[in-house]
Amino acid sequence: MSISSLTSMGALMVAAGLTVGTAALAASPTPAAPAPAPGSDRITNPVAEFAGIDKITGRIITFDVYIDETVQFGALQVTPRVCYSRPQNEEPKTDSFVEVDEITLDRKIRRIFTGWMFAESPGLNAVEHAVYDVWLKACKQKSDVPAPDSAKTDAAKPDTAQPNATAAPAAAEPEATEPPTTSTN
């Protein structure tokens, strides 16, 4: 056999394989409905749930943060900008755009993370700090933590319903600042 006949036989075999592959593809059933466009069914949530670990004490803490509000975790300030999730009947996909700042020892604020965090892949874009790690756990519609707007309106209201509640901490505060020599025998 010559090289040209081997080459033409190879070309015929490739052509035959493509024809069989194309026929098999044409015979395969087509999906009934096209796949939904990415991001079409996402749910915008007002609360992002984070988990953080203090590597010194080994304590893991879960905390909720409202969108565009800042919560301090140790020396870190965590601010979620958006938090998206999918409906219950779809594959889980929870992500949040987050900014994390560090308060340095000289009291300056330094941005150490800006980007997307993914709850299904916490190690992908978690904040890894020398002392603290923070990662996204979930996005939620409600939280047990009062919303920042209601906290501001509660502080603005006069506290006439509980006059004794405000008097007790004020009385306890000076005792805590007294020197220890007055509290001993």
# chains A, B, ... in the order shown; residues from 1 in each chain; ligands from 1
>>> residues_around(residues="range 80-86 of chain A", least_positions_apart="5", cutoff="8 Å", atoms="only C-alpha atoms", output="ChimeraX atom specification")
/A:41-48,65-70,91-99,139
>>> write_last_selection(atoms="C-alpha atoms", output="short mmCIF file (atom, residue, chain, number, x, y, z; two decimals), in the first residue's frame")
data_model
loop_
_atom_site.label_atom_id
_atom_site.label_comp_id
_atom_site.auth_asym_id
_atom_site.auth_seq_id
_atom_site.Cartn_x
_atom_site.Cartn_y
_atom_site.Cartn_z
CA ASP A 41 -34.43 33.72 38.09
CA ARG A 42 -32.17 35.14 40.74
CA ILE A 43 -33.66 36.50 43.93
CA THR A 44 -32.31 39.70 45.46
CA ASN A 45 -32.09 39.33 49.23
CA PRO A 46 -31.81 42.08 51.87
CA VAL A 47 -29.64 40.04 54.28
CA ALA A 48 -26.35 38.19 53.83
CA VAL A 65 -25.48 41.75 57.71
CA TYR A 66 -28.03 43.87 55.87
CA ILE A 67 -27.14 45.01 52.36
CA ASP A 68 -25.03 48.22 52.32
CA GLU A 69 -24.55 48.06 56.09
CA THR A 70 -21.21 47.40 57.79
CA GLU A 91 -29.87 24.26 41.80
CA PRO A 92 -28.47 26.27 44.72
CA LYS A 93 -26.43 29.26 43.65
CA THR A 94 -25.89 31.89 46.29
CA ASP A 95 -23.48 34.76 45.80
CA SER A 96 -22.78 38.16 47.26
CA PHE A 97 -20.58 41.07 46.30
CA VAL A 98 -18.69 41.98 49.46
CA GLU A 99 -16.18 44.56 50.63
CA CYS A 139 -28.63 35.02 51.52
#
>>> closest_atom_pairs(of="range 71-111 of chain A", to="range 121-132 of chain A", cutoff="9 Å", atoms="only C-alpha atoms", output="Markdown table")
| residue | atom | partner | partner_atom | distance |
| --- | --- | --- | --- | --- |
| A:Phe73 | CA | A:Tyr132 | CA | 8.2 |
| A:Gly74 | CA | A:Tyr132 | CA | 7.4 |
| A:Ala75 | CA | A:Tyr132 | CA | 8.1 |
| A:Leu76 | CA | A:Tyr132 | CA | 7.8 |
| A:Val100 | CA | A:Val127 | CA | 7.9 |
>>> closest_residue(among="A:Pro87, A:Lys55, A:Lys108, A:Gln72", to="Lys140 in chain A", atoms="only C-alpha atoms")
A:Pro87
>>> atom_distance(atom1="CA of Glu120 in chain A", atom2="CA of Ile56 in chain A")
26.0 Å
>>> residues_around(residues="Glu49 in chain A", least_positions_apart="6", cutoff="7 Å", atoms="only C-alpha atoms", output="list in words")
Phe63, Asp64, Val65, Leu136, Lys137, Ala138 and Cys139 of chain A
>>> write_last_selection(atoms="N, CA and C atoms", output="compact mmCIF listing (two decimals), in the first residue's frame")
# COMPACT_ATOMS: atom_id res chain seq x y z
N PHE A 63 -23.04 35.47 61.59
CA PHE A 63 -23.66 36.78 61.78
C PHE A 63 -24.33 37.24 60.50
N ASP A 64 -25.43 38.00 60.68
CA ASP A 64 -26.21 38.54 59.57
C ASP A 64 -25.82 39.99 59.35
N VAL A 65 -25.78 40.37 58.06
CA VAL A 65 -25.48 41.75 57.71
C VAL A 65 -26.48 42.19 56.65
N LEU A 136 -19.18 33.57 53.06
CA LEU A 136 -20.63 33.67 52.88
C LEU A 136 -21.27 32.32 53.14
N LYS A 137 -22.35 32.32 53.93
CA LYS A 137 -23.11 31.09 54.18
C LYS A 137 -24.41 31.06 53.40
N ALA A 138 -25.12 32.19 53.36
CA ALA A 138 -26.43 32.20 52.72
C ALA A 138 -26.89 33.63 52.49
N CYS A 139 -27.92 33.75 51.69
CA CYS A 139 -28.63 35.02 51.52
C CYS A 139 -30.04 34.77 52.03
